[in-house]
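For reference, final_1.cif (mmCIF, C-alpha atoms and all ligand atoms):
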data_protein
#
loop_
_atom_site.label_atom_id
_atom_site.label_comp_id
_atom_site.auth_asym_id
_atom_site.auth_seq_id
_atom_site.Cartn_x
_atom_site.Cartn_y
_atom_site.Cartn_z
CA MET A 1 -1.15 2.84 -16.70
CA THR A 2 -2.54 6.21 -17.77
CA ILE A 3 -2.81 6.79 -21.48
CA THR A 4 -2.51 10.45 -22.38
CA LYS A 5 -2.02 9.93 -26.11
CA LYS A 6 -4.57 8.96 -28.77
CA GLY A 7 -4.56 5.36 -27.68
CA ARG A 8 -2.34 2.33 -27.67
CA VAL A 9 -0.57 0.71 -30.58
CA PHE A 10 0.83 -2.82 -30.55
CA SER A 11 3.15 -4.43 -33.00
CA GLY A 12 5.30 -7.53 -32.90
CA ALA A 13 8.14 -8.76 -35.07
CA ARG A 14 10.03 -12.02 -35.08
CA PRO A 15 13.63 -11.85 -33.88
CA THR A 16 15.45 -11.96 -37.18
CA GLY A 17 18.68 -10.38 -35.95
CA ARG A 18 20.15 -7.43 -37.77
CA GLN A 19 17.45 -5.50 -39.58
CA HIS A 20 17.47 -4.56 -43.23
CA LEU A 21 16.09 -1.76 -45.33
CA GLY A 22 12.84 -3.68 -45.88
CA ASN A 23 12.32 -3.99 -42.11
CA TYR A 24 13.12 -0.32 -41.68
CA LEU A 25 10.81 1.07 -44.34
CA GLY A 26 8.09 -1.53 -43.81
CA ALA A 27 7.92 -1.34 -40.02
CA ILE A 28 10.59 0.38 -37.91
CA LYS A 29 10.25 3.83 -39.48
CA ASN A 30 6.55 3.67 -38.75
CA TYR A 31 7.16 2.40 -35.19
CA VAL A 32 9.30 5.47 -34.55
CA ALA A 33 6.75 7.90 -36.01
CA LEU A 34 3.83 6.39 -34.10
CA GLN A 35 5.49 7.27 -30.81
CA GLU A 36 4.44 10.90 -31.35
CA GLU A 37 0.75 10.08 -31.19
CA TYR A 38 0.34 6.76 -29.41
CA GLN A 39 1.52 4.83 -26.44
CA CYS A 40 3.46 2.13 -28.25
CA VAL A 41 4.00 -1.47 -27.24
CA TYR A 42 6.59 -3.25 -29.39
CA SER A 43 7.21 -6.92 -28.90
CA ILE A 44 9.99 -9.16 -30.15
CA VAL A 45 7.87 -12.23 -30.73
CA ASP A 46 10.25 -15.08 -29.99
CA ILE A 47 7.50 -17.66 -29.34
CA HIS A 48 6.18 -17.10 -32.86
CA ALA A 49 9.67 -17.73 -34.17
CA LEU A 50 9.63 -21.25 -32.71
CA THR A 51 7.00 -22.37 -35.23
CA THR A 52 9.48 -22.18 -38.08
CA VAL A 53 13.08 -21.95 -36.82
CA GLU A 54 15.23 -25.01 -37.34
CA THR A 55 17.48 -24.20 -34.39
CA THR A 56 17.29 -21.82 -31.45
CA GLU A 57 21.07 -21.49 -31.25
CA ASN A 58 21.08 -17.84 -32.36
CA LEU A 59 17.77 -16.81 -30.82
CA ARG A 60 19.20 -14.72 -27.97
CA GLN A 61 21.70 -13.01 -30.26
CA ASN A 62 18.97 -12.29 -32.81
CA ILE A 63 16.78 -10.74 -30.10
CA TYR A 64 19.69 -8.57 -28.99
CA GLU A 65 20.62 -7.43 -32.52
CA MET A 66 17.05 -6.60 -33.37
CA ALA A 67 16.53 -4.62 -30.15
CA LEU A 68 19.77 -2.77 -30.85
CA ASP A 69 18.55 -1.79 -34.33
CA TRP A 70 15.16 -0.65 -33.03
CA LEU A 71 16.80 1.54 -30.42
CA ALA A 72 19.36 2.94 -32.83
CA ALA A 73 16.56 3.74 -35.29
CA GLY A 74 14.71 5.83 -32.71
CA ILE A 75 12.48 3.72 -30.49
CA ARG A 76 12.40 5.63 -27.20
CA PRO A 77 12.26 3.07 -24.39
CA GLU A 78 11.43 5.65 -21.75
CA GLU A 79 8.13 6.27 -23.61
CA SER A 80 7.45 3.08 -25.51
CA ILE A 81 7.34 -0.42 -24.12
CA MET A 82 9.82 -2.69 -25.87
CA PHE A 83 10.00 -6.27 -24.63
CA VAL A 84 10.40 -9.94 -25.48
CA GLN A 85 7.15 -11.86 -25.94
CA SER A 86 8.11 -14.99 -23.99
CA GLN A 87 9.01 -12.91 -20.93
CA VAL A 88 5.35 -11.98 -20.44
CA PRO A 89 3.81 -15.47 -20.30
CA GLU A 90 0.22 -14.20 -19.88
CA VAL A 91 0.07 -14.20 -23.68
CA THR A 92 0.04 -18.00 -23.71
CA GLU A 93 -2.83 -17.99 -21.21
CA LEU A 94 -4.91 -15.65 -23.37
CA HIS A 95 -3.98 -17.75 -26.39
CA MET A 96 -5.53 -20.75 -24.64
CA PHE A 97 -8.73 -18.85 -23.79
CA PHE A 98 -8.95 -17.63 -27.39
CA SER A 99 -8.48 -21.14 -28.72
CA MET A 100 -11.86 -22.03 -27.13
CA VAL A 101 -13.68 -19.45 -29.23
CA THR A 102 -11.88 -20.15 -32.53
CA PRO A 103 -13.25 -22.77 -34.95
CA LEU A 104 -10.45 -25.10 -36.05
CA GLY A 105 -11.64 -25.12 -39.67
CA LYS A 106 -11.18 -21.38 -39.84
CA LEU A 107 -7.51 -21.74 -38.92
CA THR A 108 -6.72 -24.57 -41.33
CA ASP A 109 -8.45 -22.64 -44.14
CA LEU A 110 -6.25 -19.56 -43.75
CA PRO A 111 -3.96 -19.01 -46.77
CA THR A 112 -1.01 -18.26 -44.47
CA PHE A 113 -1.34 -21.64 -42.77
CA LYS A 114 -1.58 -23.44 -46.13
CA GLU A 115 1.50 -21.58 -47.35
CA LYS A 116 3.54 -22.48 -44.24
CA ALA A 117 2.39 -26.09 -44.43
CA ARG A 118 3.59 -26.19 -48.03
CA GLN A 119 6.94 -24.67 -47.06
CA GLN A 120 7.63 -27.13 -44.24
CA PRO A 121 5.64 -30.31 -44.92
CA HIS A 122 7.92 -32.24 -42.53
CA ASN A 123 6.97 -29.96 -39.60
CA ILE A 124 3.28 -29.02 -39.62
CA ASN A 125 3.11 -28.41 -35.89
CA TYR A 126 0.19 -27.16 -33.80
CA GLY A 127 1.97 -23.78 -33.44
CA LEU A 128 1.57 -23.20 -37.17
CA VAL A 129 -2.19 -23.76 -36.94
CA GLY A 130 -2.54 -21.68 -33.78
CA TYR A 131 -0.25 -18.89 -34.98
CA PRO A 132 -3.07 -16.40 -35.73
CA VAL A 133 -4.64 -17.15 -32.33
CA LEU A 134 -1.36 -16.34 -30.58
CA MET A 135 -1.11 -13.19 -32.68
CA ALA A 136 -4.64 -12.19 -31.65
CA ALA A 137 -3.65 -12.81 -28.02
CA ASP A 138 -0.56 -10.60 -28.44
CA ILE A 139 -2.70 -7.72 -29.61
CA ALA A 140 -5.66 -8.18 -27.27
CA LEU A 141 -3.47 -8.70 -24.18
CA TYR A 142 -2.29 -5.11 -24.44
CA LYS A 143 -5.77 -3.83 -25.34
CA ALA A 144 -4.30 -2.21 -28.43
CA ASP A 145 -6.50 0.28 -30.25
CA ALA A 146 -4.48 0.06 -33.43
CA VAL A 147 -1.98 -2.22 -35.12
CA PRO A 148 0.40 -0.93 -37.81
CA VAL A 149 0.62 -3.45 -40.66
CA GLY A 150 1.10 -3.73 -44.39
CA VAL A 151 -2.03 -4.39 -46.44
CA ASP A 152 -0.97 -8.03 -46.86
CA GLN A 153 -1.43 -8.40 -43.10
CA ALA A 154 -4.99 -7.04 -43.13
CA PRO A 155 -6.58 -10.54 -42.89
CA HIS A 156 -4.70 -11.13 -39.60
CA ILE A 157 -6.12 -8.00 -38.07
CA GLU A 158 -9.58 -8.92 -39.28
CA PHE A 159 -9.07 -12.36 -37.73
CA THR A 160 -8.05 -10.74 -34.42
CA ARG A 161 -11.14 -8.56 -34.49
CA GLU A 162 -13.31 -11.64 -35.03
CA VAL A 163 -11.68 -13.53 -32.15
CA VAL A 164 -12.12 -10.55 -29.83
CA ARG A 165 -15.76 -10.21 -30.91
CA SER A 166 -16.37 -13.92 -30.36
CA PHE A 167 -14.81 -13.75 -26.91
CA ASN A 168 -16.76 -10.67 -25.87
CA PHE A 169 -19.99 -12.19 -27.23
CA ARG A 170 -19.46 -15.63 -25.68
CA TYR A 171 -18.85 -14.19 -22.22
CA ASN A 172 -21.20 -11.23 -22.59
CA THR A 173 -18.49 -8.69 -21.87
CA ASN A 174 -16.60 -5.82 -23.45
CA VAL A 175 -13.30 -6.24 -21.64
CA LEU A 176 -11.34 -6.77 -24.83
CA VAL A 177 -10.77 -4.14 -27.51
CA GLU A 178 -11.29 -4.72 -31.25
CA PRO A 179 -8.15 -3.21 -32.80
CA GLN A 180 -8.12 -1.05 -35.90
CA MET A 181 -5.60 -1.56 -38.68
CA LYS A 182 -3.15 1.27 -39.36
CA ALA A 183 -1.81 0.73 -42.86
CA THR A 184 1.93 1.31 -43.29
CA GLU A 185 3.16 3.69 -45.96
CA PHE A 186 5.73 1.38 -47.54
CA PRO A 187 4.33 -2.14 -47.24
CA LYS A 188 6.61 -3.86 -49.77
CA VAL A 189 10.30 -3.15 -50.24
CA VAL A 190 11.77 -5.11 -53.12
CA GLY A 191 15.20 -6.69 -52.66
CA ILE A 192 18.34 -6.06 -54.68
CA ASP A 193 17.21 -8.77 -57.14
CA GLY A 194 14.52 -6.28 -58.22
CA GLN A 195 11.82 -8.96 -57.98
CA GLN A 196 11.07 -10.41 -54.57
CA LYS A 197 10.31 -8.77 -51.25
CA MET A 198 13.52 -7.89 -49.43
CA SER A 199 14.36 -10.74 -47.09
CA LYS A 200 17.35 -12.21 -45.30
CA SER A 201 16.47 -15.74 -46.33
CA LEU A 202 16.59 -14.72 -50.01
CA ASN A 203 19.87 -12.87 -49.43
CA ASN A 204 18.57 -9.91 -51.40
CA HIS A 205 18.74 -7.48 -48.48
CA ILE A 206 20.75 -4.43 -47.42
CA GLU A 207 21.50 -4.45 -43.68
CA LEU A 208 21.11 -1.18 -41.83
CA ALA A 209 24.19 -1.89 -39.72
CA SER A 210 26.51 -2.64 -42.67
CA THR A 211 29.48 -0.37 -43.19
CA PRO A 212 29.23 2.35 -45.86
CA ASP A 213 31.47 0.27 -48.16
CA GLU A 214 29.39 -2.88 -47.69
CA THR A 215 26.23 -0.88 -48.34
CA ARG A 216 27.68 0.64 -51.51
CA ALA A 217 28.69 -2.83 -52.76
CA ARG A 218 25.15 -4.16 -52.21
CA VAL A 219 23.59 -1.15 -53.92
CA MET A 220 25.86 -1.60 -56.94
CA GLN A 221 24.45 -5.14 -57.29
CA MET A 222 20.88 -3.87 -57.51
CA VAL A 223 18.87 -4.88 -60.56
CA THR A 224 17.50 -1.83 -62.37
CA ASP A 225 15.05 -1.45 -65.28
CA PRO A 226 15.46 -4.89 -66.92
CA GLN A 227 14.69 -3.45 -70.38
CA ARG A 228 17.66 -1.10 -70.24
CA MET A 229 20.51 -3.13 -71.72
CA ARG A 230 23.03 -0.42 -72.68
CA ARG A 231 24.01 2.95 -71.25
CA SER A 232 22.62 4.61 -74.38
CA ASP A 233 19.15 3.02 -73.94
CA PRO A 234 16.52 5.21 -72.29
CA GLY A 235 15.33 3.74 -68.98
CA ASN A 236 12.00 3.62 -67.21
CA PRO A 237 12.26 4.74 -63.57
CA ASP A 238 8.67 3.70 -62.93
CA ILE A 239 9.69 0.04 -62.95
CA CYS A 240 13.10 0.50 -61.34
CA ASN A 241 13.66 -0.47 -57.72
CA VAL A 242 16.63 1.89 -57.38
CA PHE A 243 14.38 4.76 -58.33
CA SER A 244 11.68 3.79 -55.84
CA LEU A 245 14.31 3.91 -53.07
CA HIS A 246 15.77 7.18 -54.38
CA LYS A 247 12.32 8.63 -53.70
CA VAL A 248 12.80 7.80 -50.00
CA PHE A 249 16.44 8.71 -49.49
CA SER A 250 17.27 11.42 -52.05
CA SER A 251 16.23 15.06 -52.29
CA PRO A 252 13.16 15.95 -54.40
CA GLU A 253 15.47 17.84 -56.83
CA GLU A 254 17.68 14.81 -57.36
CA VAL A 255 14.66 12.52 -57.76
CA ALA A 256 13.20 14.88 -60.39
CA MET A 257 16.53 15.04 -62.22
CA ILE A 258 16.85 11.22 -62.33
CA ASP A 259 13.23 10.87 -63.44
CA THR A 260 13.91 13.13 -66.42
CA GLU A 261 17.44 12.06 -67.30
CA CYS A 262 16.85 8.33 -67.02
CA ARG A 263 14.06 8.53 -69.60
CA ARG A 264 16.37 10.16 -72.15
CA ALA A 265 19.50 8.16 -71.26
CA GLY A 266 21.06 11.29 -69.74
CA ILE A 267 22.14 9.33 -66.66
CA GLY A 268 23.54 5.80 -66.47
CA CYS A 269 22.55 3.18 -63.90
CA VAL A 270 26.07 3.06 -62.40
CA ASP A 271 25.99 6.79 -61.68
CA CYS A 272 22.40 6.54 -60.44
CA LYS A 273 23.24 3.73 -58.03
CA GLN A 274 26.34 5.55 -56.76
CA ARG A 275 24.16 8.55 -55.97
CA PHE A 276 21.68 6.34 -54.18
CA ALA A 277 24.42 4.62 -52.15
CA LYS A 278 25.80 8.01 -51.11
CA ASN A 279 22.40 9.31 -50.01
CA LEU A 280 21.52 6.08 -48.23
CA ASN A 281 24.82 6.08 -46.34
CA LEU A 282 24.27 9.70 -45.33
CA SER A 283 20.77 8.93 -44.04
CA LEU A 284 22.06 5.94 -42.08
CA GLU A 285 24.92 7.83 -40.41
CA PRO A 286 23.02 8.79 -37.22
CA PHE A 287 21.65 5.26 -36.94
CA ARG A 288 25.10 3.74 -37.22
CA GLU A 289 26.64 6.12 -34.70
CA LYS A 290 23.92 5.37 -32.17
CA ARG A 291 24.22 1.64 -32.79
CA VAL A 292 27.96 1.66 -32.17
CA ALA A 293 27.46 3.63 -28.94
CA LEU A 294 24.76 1.24 -27.74
CA SER A 295 26.70 -1.89 -28.62
CA ASP A 296 29.49 -0.72 -26.32
CA LYS A 297 27.15 -1.55 -23.44
CA PRO A 298 25.22 -4.70 -24.39
CA GLU A 299 23.87 -5.06 -20.84
CA ARG A 300 22.01 -1.74 -21.32
CA VAL A 301 19.93 -3.30 -24.14
CA TRP A 302 18.95 -6.23 -21.89
CA GLU A 303 18.08 -3.77 -19.08
CA ILE A 304 15.81 -1.86 -21.47
CA LEU A 305 14.10 -5.11 -22.47
CA ASP A 306 13.68 -6.04 -18.82
CA ASP A 307 12.17 -2.66 -18.01
CA GLY A 308 9.81 -3.21 -20.96
CA ARG A 309 8.93 -6.65 -19.59
CA GLN A 310 7.91 -5.15 -16.25
CA ARG A 311 5.71 -2.48 -17.82
CA ALA A 312 4.18 -4.94 -20.30
CA SER A 313 3.49 -7.38 -17.43
CA GLN A 314 1.46 -4.79 -15.55
CA ILE A 315 -0.91 -4.39 -18.50
CA ALA A 316 -0.96 -8.12 -19.23
CA GLN A 317 -1.77 -9.15 -15.66
CA GLN A 318 -4.66 -6.70 -15.49
CA THR A 319 -6.05 -7.97 -18.80
CA ILE A 320 -5.87 -11.57 -17.67
CA ARG A 321 -7.66 -10.64 -14.43
CA ASP A 322 -10.40 -8.90 -16.47
CA VAL A 323 -10.65 -11.88 -18.83
CA LYS A 324 -10.88 -14.42 -16.01
CA ASP A 325 -13.54 -12.34 -14.28
CA ALA A 326 -15.49 -12.20 -17.54
CA ILE A 327 -15.26 -15.98 -18.01
CA GLY A 328 -16.06 -16.67 -14.36
CA LEU A 329 -12.74 -18.24 -13.44
CA PRO A 330 -11.42 -17.79 -9.89
FE1 LIG B 1 16.91 2.93 -62.56
FE2 LIG B 1 18.45 5.00 -62.22
FE3 LIG B 1 19.05 3.16 -64.08
FE4 LIG B 1 17.00 4.79 -64.41
S1 LIG B 1 19.14 5.39 -64.30
S2 LIG B 1 16.99 2.58 -64.76
S3 LIG B 1 16.25 5.03 -62.33
S4 LIG B 1 19.02 2.88 -61.86
#

Please, can you express the file's structure as structure tokens?
Amino acid sequence: MTITKKGRVFSGARPTGRQHLGNYLGAIKNYVALQEEYQCVYSIVDIHALTTVETTENLRQNIYEMALDWLAAGIRPEESIMFVQSQVPEVTELHMFFSMVTPLGKLTDLPTFKEKARQQPHNINYGLVGYPVLMAADIALYKADAVPVGVDQAPHIEFTREVVRSFNFRYNTNVLVEPQMKATEFPKVVGIDGQQKMSKSLNNHIELASTPDETRARVMQMVTDPQRMRRSDPGNPDICNVFSLHKVFSSPEEVAMIDTECRRAGIGCVDCKQRFAKNLNLSLEPFREKRVALSDKPERVWEILDDGRQRASQIAQQTIRDVKDAIGLP
């Protein structure tokens, strides 16, 4: 495949179904913007999901809903490659080759592994240990030049770079590319509880595909400046989650007004949240319209994913051929 842009970007996300504001600001918005400069490869990493999911009952539906949200948000499948990880099985082959150049102790020492092991002590499976190796294989398989991630993900990219270096060194080759990290603008979106990262499992999220009324109801539940007890108390927008989201979805004039008025109790939190809900709903209108149109033809979403699978496979098969040649395998 000819690359006419700056290079290739790869990113993967677990199929978590309908996406929320945290997914949008932390990843999808960036995915859409990167299409201007890079050839983008976006994977719905369903194999990764198997390390932690209790049941696969909703897996297909979650893949579909997530793909629908990506498309509605502006991923252009005619330019970018959007596919499901398990449908390009070469990744598991590269994962196996990478496992031979990865010290086991390095994997068990990773903070992410320790954290997962703590979270699910009844199910410390091999997949949890090998997770970063599979992630490195995802990235290297598509010879990605850059990977968009939040700063908290930086150690994973560094790990990938080390695995690629070890492989290239061990087999005296340069067939694999060491990817660069592209830091995302908005790495952490706090949930409506005002404390923890927005997440479905914590039920502190705002779904992109919710109706305007549902969205407004969620926004009205948002925790604001915890020191502001009464309407007459001055607030501090610098520590208020509503304000940090106003900065993304409201006009600079309105943001400046809230910044000033909140500090002198000139605006109440109810009014402020209503304004935010209105602006958020306005911003999400095009997304929702496109989503409704796309969901009228669910088979179209699967066709797009299948087209992505074919284009991803072409790159993957070539990489595996290069890798096998480098190792000396027939
Ligand atoms: Fe936050 Fe707005 Fe309330 Fe100020 S007025 S504390 S910015 S919600």

Closest-contact table, chain A side, partner ligand LIG 1 (chain B), 8 Å, counting only C-alpha atoms and all ligand atoms, as JSON lines:
{"residue": "A:Val223", "atom": "CA", "partner": "B:LIG1", "partner_atom": "S4", "distance": 7.9}
{"residue": "A:Thr224", "atom": "CA", "partner": "B:LIG1", "partner_atom": "FE1", "distance": 4.8}
{"residue": "A:Asp225", "atom": "CA", "partner": "B:LIG1", "partner_atom": "S2", "distance": 4.5}
{"residue": "A:Pro226", "atom": "CA", "partner": "B:LIG1", "partner_atom": "S2", "distance": 7.9}
{"residue": "A:Arg228", "atom": "CA", "partner": "B:LIG1", "partner_atom": "S2", "distance": 6.6}
{"residue": "A:Pro234", "atom": "CA", "partner": "B:LIG1", "partner_atom": "FE4", "distance": 7.9}
{"residue": "A:Gly235", "atom": "CA", "partner": "B:LIG1", "partner_atom": "S2", "distance": 4.7}
{"residue": "A:Asn236", "atom": "CA", "partner": "B:LIG1", "partner_atom": "S2", "distance": 5.7}
{"residue": "A:Pro237", "atom": "CA", "partner": "B:LIG1", "partner_atom": "S3", "distance": 4.2}
{"residue": "A:Asp238", "atom": "CA", "partner": "B:LIG1", "partner_atom": "S3", "distance": 7.7}
{"residue": "A:Ile239", "atom": "CA", "partner": "B:LIG1", "partner_atom": "FE1", "distance": 7.8}
{"residue": "A:Cys240", "atom": "CA", "partner": "B:LIG1", "partner_atom": "FE1", "distance": 4.7}
{"residue": "A:Asn241", "atom": "CA", "partner": "B:LIG1", "partner_atom": "FE1", "distance": 6.7}
{"residue": "A:Val242", "atom": "CA", "partner": "B:LIG1", "partner_atom": "S4", "distance": 5.2}
{"residue": "A:Phe243", "atom": "CA", "partner": "B:LIG1", "partner_atom": "S3", "distance": 4.4}
{"residue": "A:Ile258", "atom": "CA", "partner": "B:LIG1", "partner_atom": "S3", "distance": 6.2}
{"residue": "A:Asp259", "atom": "CA", "partner": "B:LIG1", "partner_atom": "S3", "distance": 6.7}
{"residue": "A:Glu261", "atom": "CA", "partner": "B:LIG1", "partner_atom": "S1", "distance": 7.5}
{"residue": "A:Cys262", "atom": "CA", "partner": "B:LIG1", "partner_atom": "FE4", "distance": 4.4}
{"residue": "A:Arg263", "atom": "CA", "partner": "B:LIG1", "partner_atom": "FE4", "distance": 7.0}
{"residue": "A:Ala265", "atom": "CA", "partner": "B:LIG1", "partner_atom": "S1", "distance": 7.5}
{"residue": "A:Ile267", "atom": "CA", "partner": "B:LIG1", "partner_atom": "S1", "distance": 5.5}
{"residue": "A:Gly268", "atom": "CA", "partner": "B:LIG1", "partner_atom": "S1", "distance": 4.9}
{"residue": "A:Cys269", "atom": "CA", "partner": "B:LIG1", "partner_atom": "FE3", "distance": 3.5}
{"residue": "A:Val270", "atom": "CA", "partner": "B:LIG1", "partner_atom": "S4", "distance": 7.1}
{"residue": "A:Asp271", "atom": "CA", "partner": "B:LIG1", "partner_atom": "S1", "distance": 7.5}
{"residue": "A:Cys272", "atom": "CA", "partner": "B:LIG1", "partner_atom": "FE2", "distance": 4.6}
{"residue": "A:Lys273", "atom": "CA", "partner": "B:LIG1", "partner_atom": "S4", "distance": 5.8}

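Distances here use all atoms listed in the file; by that measure, the residue among A:Arg230, A:Lys197, A:Arg309, A:His205 closest to Ser43 of chain A is A:Arg309.
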
- Figure out the distance between atom CA of Pro298 of chain A and atom CA of Pro15 of chain A, please, to one decimal in Å. 16.6 Å

- Query: If you count all atoms listed in the file, which residues fall within 7 Å of Met66 of chain A, apart from same-chain ones fewer than 5 positions away, as a list in words?
  - Reply: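 Skipping anything fewer than 5 positions along the chain leaves Pro15, Thr16, Gly17, Arg18 and Gln19 of chain A.
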
- Message: Let me make sure I understand: among A:Ile320, A:Met220, A:Val255, A:Ile44, which one has the smallest atom-to-atom distance to Gly308 of chain A if we use all atoms listed in the file?
- Response: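 When distances to Gly308 of chain A are compared using all atoms listed in the file, the smallest one comes from A:Ile44.
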
- Item | For Gly7 of chain A, the nearest of the candidates A:His95, A:Lys143, A:Arg300, A:Lys114, counting only C-alpha atoms | A:Lys143

- Item | Selected residue of minimal separation from Val84 of chain A among A:Lys200, A:His122, A:Lys116, A:His48, counting all atoms listed in the file | A:His48

- Item | Counting all atoms listed in the file, the residue of A:Thr211, A:Thr52, A:Ser244, A:Asn204 that sits nearest Arg291 of chain A | A:Thr211

- Task: Might you pull out every residue within 7 Å of Ile315 of chain A, with all atoms listed in the file counted and same-chain residues fewer than 4 positions away left off, and present them as a ChimeraX atom specification?
- Result: /A:142,311,319

- Item | For Ala209 of chain A: contacts at 12 Å, only C-alpha atoms, fewer than 6 positions along chain excluded, given as a PyMOL selection string | chain A and resi 17-21+24+65-66+68-70+72-73+215+280-281+284-292+295

Residues as selected, C-alpha atoms, written as an mmCIF file, in the frame of the given file, can you do that?
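Saved file selection.cif follows:
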data_model
loop_
_atom_site.group_PDB
_atom_site.id
_atom_site.type_symbol
_atom_site.label_atom_id
_atom_site.label_comp_id
_atom_site.auth_asym_id
_atom_site.auth_seq_id
_atom_site.Cartn_x
_atom_site.Cartn_y
_atom_site.Cartn_z
ATOM 1 C CA GLY A 17 18.680 -10.380 -35.950
ATOM 2 C CA ARG A 18 20.150 -7.430 -37.770
ATOM 3 C CA GLN A 19 17.450 -5.500 -39.580
ATOM 4 C CA HIS A 20 17.470 -4.560 -43.230
ATOM 5 C CA LEU A 21 16.090 -1.760 -45.330
ATOM 6 C CA TYR A 24 13.120 -0.320 -41.680
ATOM 7 C CA GLU A 65 20.620 -7.430 -32.520
ATOM 8 C CA MET A 66 17.050 -6.600 -33.370
ATOM 9 C CA LEU A 68 19.770 -2.770 -30.850
ATOM 10 C CA ASP A 69 18.550 -1.790 -34.330
ATOM 11 C CA TRP A 70 15.160 -0.650 -33.030
ATOM 12 C CA ALA A 72 19.360 2.940 -32.830
ATOM 13 C CA ALA A 73 16.560 3.740 -35.290
ATOM 14 C CA THR A 215 26.230 -0.880 -48.340
ATOM 15 C CA LEU A 280 21.520 6.080 -48.230
ATOM 16 C CA ASN A 281 24.820 6.080 -46.340
ATOM 17 C CA LEU A 284 22.060 5.940 -42.080
ATOM 18 C CA GLU A 285 24.920 7.830 -40.410
ATOM 19 C CA PRO A 286 23.020 8.790 -37.220
ATOM 20 C CA PHE A 287 21.650 5.260 -36.940
ATOM 21 C CA ARG A 288 25.100 3.740 -37.220
ATOM 22 C CA GLU A 289 26.640 6.120 -34.700
ATOM 23 C CA LYS A 290 23.920 5.370 -32.170
ATOM 24 C CA ARG A 291 24.220 1.640 -32.790
ATOM 25 C CA VAL A 292 27.960 1.660 -32.170
ATOM 26 C CA SER A 295 26.700 -1.890 -28.620
#

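The shortest atom-to-atom distance to Asp322 of chain A, with all atoms listed in the file taken into account, belongs to A:Thr173 out of A:Ser199, A:Asn279, A:Asn23, A:Thr173.
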
- Item | Length of the atom CA of Val101 of chain A to atom CA of Gln317 of chain A vector [Å] | 20.8 Å

- Task: Quick one: everything within 12 Å of Lys6 of chain A, counting only C-alpha atoms, minus sequence neighbours fewer than 3 positions away in the same chain. Send it as a PyMOL selection string.
- Result: chain A and resi 2-3+9+34-40+144-146

Export, as a short mmCIF file (atom, residue, chain, number, x, y, z; two decimals), keeping the file's coordinate frame, the selected residues with C-alpha atoms.
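Output (again_32.cif):
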data_model
loop_
_atom_site.label_atom_id
_atom_site.label_comp_id
_atom_site.auth_asym_id
_atom_site.auth_seq_id
_atom_site.Cartn_x
_atom_site.Cartn_y
_atom_site.Cartn_z
CA THR A 2 -2.54 6.21 -17.77
CA ILE A 3 -2.81 6.79 -21.48
CA VAL A 9 -0.57 0.71 -30.58
CA LEU A 34 3.83 6.39 -34.10
CA GLN A 35 5.49 7.27 -30.81
CA GLU A 36 4.44 10.90 -31.35
CA GLU A 37 0.75 10.08 -31.19
CA TYR A 38 0.34 6.76 -29.41
CA GLN A 39 1.52 4.83 -26.44
CA CYS A 40 3.46 2.13 -28.25
CA ALA A 144 -4.30 -2.21 -28.43
CA ASP A 145 -6.50 0.28 -30.25
CA ALA A 146 -4.48 0.06 -33.43
#

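The coordinates place atom CA of Tyr171 of chain A at 6.1 Å from atom CA of Ala326 of chain A.
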
- Query: If I put a ball of radius 10 Å at (7.9, -18.8, -34.8) in the file's coordinates, which residues poke into it when counting all atoms listed in the file, written as a ChimeraX atom specification?
  - Reply: /A:14-15,45-54,127-128,131

- Write out as a count of residues only which residues come within 12 Å of Asp307 of chain A when counting all atoms listed in the file, dropping same-chain ones fewer than 2 positions away. 22
